[in-house]
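Participant: Have a look at the structure that comes next, please.
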Number of protein chains: 2
Amino acid sequence: MTIEEILDQVYEMPVRSKDILKNNSKEVSFPKGHILLRAERLEKSIYMIRKGVVRAFAPQEERDITFWFGEEGETILSMRSYVEHKKSYEHIELLADCDLYELKIEKLQELYQQDIHIANWGRKLAEKELLKIESRMIAAELLSAKERYEALLSQFPSLVQRVPLKYIASYLGITQVSLSRIRKMK
Amino acid sequence: MTIEEILDQVYEMPVRSKDILKNNSKEVSFPKGHILLRAERLEKSIYMIRKGVVRAFAPQEERDITFWFGEEGETILSMRSYVEHKKSYEHIELLADCDLYELKIEKLQELYQQDIHIANWGRKLAEKELLKIESRMIAAELLSAKERYEALLSQFPSLVQRVPLKYIASYLGITQVSLSRIRKMK
DNA sequence: TTCAGTATTTAACATAGGATAAGTTTTGTC
DNA sequence: GACAAAACTTATCCTATGTTAAATACTGAA
């Protein structure tokens with residue numbers, strides 16, 4: 001995916017504004033297993049996924065909590081660093097070799113003040129993510145673990161091939177042992 | 001709370017932009033029990049809470065799912081109507097007599113295209129809500145029902161006085177019977 | 001102040017999913 | 001292609017929360 005396609009997917013801007021963002025982005029690549037963003041750090045960049053798949057997880061003493069997966073076209077950001085300029089609470093781990101577009105948060109903040117189209121793009125980015133997470137939270141309360149697994153499968157059929165089951169279990173809010181049980185029942 | 005205070009809490013704009021929003025808002029009041037926004041409707045307005053407390057819930061055949069509470073200073077919006085101009089999935093119910101500031105979504109969309117400060121205010125509104133819901137989702141996976149209840153108590157001490165326990169139970173993702181058990185254990 | 005409707009608690013029983021531990025299968029590396 | 005490490009499954013037992021139903025307490029309207 002090109003950066004133009006990724007940007008358009010969030011919000012369609014005039015070419016001029018898109019070019020500004022494009023010219024301020026940098027293509028980068030990292031191997032599978034790389035930790036792209038770290039908890040307890042003030043992160044300086046956001047990334048868009050040109051190719052690959054990643055997970056966000058909150059590292060915890062007992063067990064990590066995987067709470068988000070990103071595939072091609074999605075935007076990776078460390079919520080606390082991006083929104084509040086504070087240390088982030090999550091790690092982002094690459095689950096495959098990834099090609100990414102990097103954008104500096106500082107530059108982006110500057111552009112938000114200068115270009116109304118970019119400001120609206122940033123608004124839409126947050127709004128769409130918010131809508132997704134709210135729907136997901138409601139579904140989580142409504143559905144059994146089995147139903148949530150099946151919903152995930154039908155929404156992201158490729159995820160199960162690309163992502164270790166233990167992370168999917170954590171995303172669903174269950175243990176890997178339970179997920180195994182659920183898969184057998186099917 | 002005045003509308004200026006509420007707006008500032010999200011993002012500080014020049015007085016001129018604040019005045020534009022203020023001049024496009026309308027004070028309205030409704031009694032306890034009023035359903036302010038309805039599922040299956042394309043809602044036309046968002047509201048800011050000057051005084052009162054409300055809940056958002058997804059009505060379901062078996063049982064409603066309460067997933068959000070709003071108190072003074074918070075902004076009420078029907079996510080799907082606001083973000084996608086589609087029918088919403090939630091009801092908003094007033095849990096007390098409320099004084100609200102009403103803003104038309106259509107007008108707001110227009111202002112997002114005209115005033116960069118307002119566009120950035122809209123961006124911050126979504127970003128801050130997103131940060132809250134993401135943190136809450138992680139906490140939900142990490143904590144037991146009892147811990148979640150205690151966390152809610154310490155974060156919103158007044159909520160338990162203002163809101164029926166059955167809605168708090170639903171918000172916590174448990175039944176009212178379980179919440180009662182938890183409260184007794186304390 | 002009483003009555004009816006709500007809200008809350010309590011009790012008894014059922015069950016989904018957790019914990020632990022022991023296999024088995026897959027994957028990556030030399 | 002052999003080995004170690006990681007991923008996944010299976011089995012057993014256990015616990016938190018769900019379900020149902022009944023008892024009690026609270027609230028608001030007449």
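Quick note on naming: the chains in the structure tokens go A, B, ... in the order shown, residues restart at 1 in each chain, and ligands are numbered from 1 in order of appearance.
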Which residues of chain B are close to chain A, meaning at most 8 Å apart when you count only C-alpha atoms, and how do they look as a VMD selection string?
Facilitator: chain B and resid 58 65 67 79 to 80 83 112 to 117 119 to 120 122 to 124 126 to 131 133 to 134 137 to 138 141 to 142 173
Participant: Report as a tab-separated table the residues of chain D within 10 Å of segment 10-14 of chain C, each with its shortest atom pair and distance in Å (one decimal), using only C-alpha atoms (C1' of nucleotides), ordered by chain and increasing residue number.
Facilitator:
residue	atom	partner	partner_atom	distance
D:DG18	C1'	C:DA14	C1'	8.1
D:DT19	C1'	C:DA14	C1'	7.6
D:DT20	C1'	C:DC13	C1'	9.1
D:DA21	C1'	C:DA11	C1'	9.2
D:DA22	C1'	C:DT10	C1'	8.7
D:DA23	C1'	C:DT10	C1'	7.6
D:DT24	C1'	C:DT10	C1'	9.2
Participant: Go through chain C residue by residue and, counting only C-alpha atoms (C1' of nucleotides), keep those with an atom at most 10 Å from chain A; for each kept residue give the shortest atom pair and its distance in Å to one decimal, ordered by chain and increasing number, as CSV.
Facilitator:
residue,atom,partner,partner_atom,distance
C:DA16,C1',A:Ser144,CA,8.8
C:DG17,C1',A:Ser178,CA,6.5
C:DG18,C1',A:Thr175,CA,7.6
C:DA19,C1',A:Val177,CA,9.8
Participant: Using only C-alpha atoms (C1' of nucleotides) and a distance of at most 8 Å, pull out the residues of chain D that contact chain A, as a list in words.
Facilitator: DA7, DC8 and DT9 of chain D
Participant: Kindly indicate which residue among B:Leu42, B:Met48, B:Val28, B:Val53 lies nearest to Val160 of chain B, using only C-alpha atoms for the distances.
Facilitator: B:Val53
Participant: Restricting the calculation to only C-alpha atoms (C1' of nucleotides), which member of C:DT6, C:DT1, C:DT24, C:DT29 is positioned closest to DT10 of chain D?
Facilitator: C:DT24
Participant: From the DSSP assignment of the backbone, select every residue of segment 22-182 of chain A that is strand (DSSP E or B), and format the answer as a PyMOL selection string.
Facilitator: chain A and resi 25-30+35-37+45-51+54-58+65-70+75-76+91-94+98-104
Participant: Contacts of Lys32 of chain A at 10 Å or less, counting only C-alpha atoms (C1' of nucleotides), minus same-chain residues fewer than 3 places along, as a PyMOL selection string?
Facilitator: chain A and resi 29+35+52-54+93-98
Participant: What are the DSSP helix (DSSP H, G or I) residues of segment 76-152 of chain A, as number ranges by chain?
Facilitator: A: 79-84, 105-114, 116-142, 145-152
Participant: Write a file of the selected residues as a PDB file, in the first residue's frame, keeping C-alpha atoms.
Facilitator:
ATOM      1  CA  MET A  79      -1.660   6.513  22.631  1.00  0.00           C
ATOM      2  CA  ARG A  80      -0.222   8.310  25.659  1.00  0.00           C
ATOM      3  CA  SER A  81       2.766   9.687  23.786  1.00  0.00           C
ATOM      4  CA  TYR A  82       0.666  10.828  20.842  1.00  0.00           C
ATOM      5  CA  VAL A  83      -2.186  12.361  22.837  1.00  0.00           C
ATOM      6  CA  GLU A  84      -0.584  13.555  26.062  1.00  0.00           C
ATOM      7  CA  ILE A 105       4.761  13.366  16.149  1.00  0.00           C
ATOM      8  CA  GLU A 106       6.327  16.772  16.659  1.00  0.00           C
ATOM      9  CA  LYS A 107       6.107  17.574  12.966  1.00  0.00           C
ATOM     10  CA  LEU A 108       2.556  16.297  12.841  1.00  0.00           C
ATOM     11  CA  GLN A 109       1.541  18.564  15.739  1.00  0.00           C
ATOM     12  CA  GLU A 110       3.050  21.472  13.837  1.00  0.00           C
ATOM     13  CA  LEU A 111       1.101  20.551  10.697  1.00  0.00           C
ATOM     14  CA  TYR A 112      -2.118  20.235  12.686  1.00  0.00           C
ATOM     15  CA  GLN A 113      -1.728  23.941  13.495  1.00  0.00           C
ATOM     16  CA  GLN A 114      -0.911  24.951   9.924  1.00  0.00           C
ATOM     17  CA  ILE A 116      -6.818  22.529   8.307  1.00  0.00           C
ATOM     18  CA  HIS A 117      -7.072  19.454   6.094  1.00  0.00           C
ATOM     19  CA  ILE A 118      -4.337  17.712   8.015  1.00  0.00           C
ATOM     20  CA  ALA A 119      -6.043  18.695  11.277  1.00  0.00           C
ATOM     21  CA  ASN A 120      -9.230  17.091  10.024  1.00  0.00           C
ATOM     22  CA  TRP A 121      -7.315  14.028   8.923  1.00  0.00           C
ATOM     23  CA  GLY A 122      -5.991  13.723  12.489  1.00  0.00           C
ATOM     24  CA  ARG A 123      -9.512  14.155  13.796  1.00  0.00           C
ATOM     25  CA  LYS A 124     -10.830  11.380  11.589  1.00  0.00           C
ATOM     26  CA  LEU A 125      -7.947   9.098  12.528  1.00  0.00           C
ATOM     27  CA  ALA A 126      -8.918   9.320  16.196  1.00  0.00           C
ATOM     28  CA  GLU A 127     -12.656   9.202  15.560  1.00  0.00           C
ATOM     29  CA  LYS A 128     -12.508   6.049  13.479  1.00  0.00           C
ATOM     30  CA  GLU A 129     -10.311   4.268  15.986  1.00  0.00           C
ATOM     31  CA  LEU A 130     -12.665   5.366  18.757  1.00  0.00           C
ATOM     32  CA  LEU A 131     -15.676   3.960  16.946  1.00  0.00           C
ATOM     33  CA  LYS A 132     -13.887   0.638  16.460  1.00  0.00           C
ATOM     34  CA  ILE A 133     -12.827   0.265  20.057  1.00  0.00           C
ATOM     35  CA  GLU A 134     -16.254   1.244  21.415  1.00  0.00           C
ATOM     36  CA  SER A 135     -18.032  -1.320  19.231  1.00  0.00           C
ATOM     37  CA  ARG A 136     -15.518  -3.903  20.281  1.00  0.00           C
ATOM     38  CA  MET A 137     -16.017  -3.137  23.967  1.00  0.00           C
ATOM     39  CA  ILE A 138     -19.778  -3.600  23.646  1.00  0.00           C
ATOM     40  CA  ALA A 139     -19.315  -6.862  21.753  1.00  0.00           C
ATOM     41  CA  ALA A 140     -16.938  -8.084  24.445  1.00  0.00           C
ATOM     42  CA  GLU A 141     -19.654  -7.753  27.066  1.00  0.00           C
ATOM     43  CA  LEU A 142     -22.305  -9.313  24.916  1.00  0.00           C
ATOM     44  CA  ALA A 145     -15.393 -16.250  24.348  1.00  0.00           C
ATOM     45  CA  LYS A 146     -16.353 -18.673  21.584  1.00  0.00           C
ATOM     46  CA  GLU A 147     -18.518 -16.099  19.846  1.00  0.00           C
ATOM     47  CA  ARG A 148     -15.824 -13.454  20.141  1.00  0.00           C
ATOM     48  CA  TYR A 149     -13.327 -15.837  18.556  1.00  0.00           C
ATOM     49  CA  GLU A 150     -15.687 -16.560  15.689  1.00  0.00           C
ATOM     50  CA  ALA A 151     -16.396 -12.868  15.219  1.00  0.00           C
ATOM     51  CA  LEU A 152     -12.661 -12.167  15.065  1.00  0.00           C
TER      52      LEU A 152
END
Participant: Would you mind listing what lies within 10 Å of DA5 of chain D as a PyMOL selection string, with only C-alpha atoms (C1' of nucleotides) counted and same-chain residues fewer than 2 positions away left out?
Facilitator: (chain C and resi 27-28) or (chain D and resi 3+7)
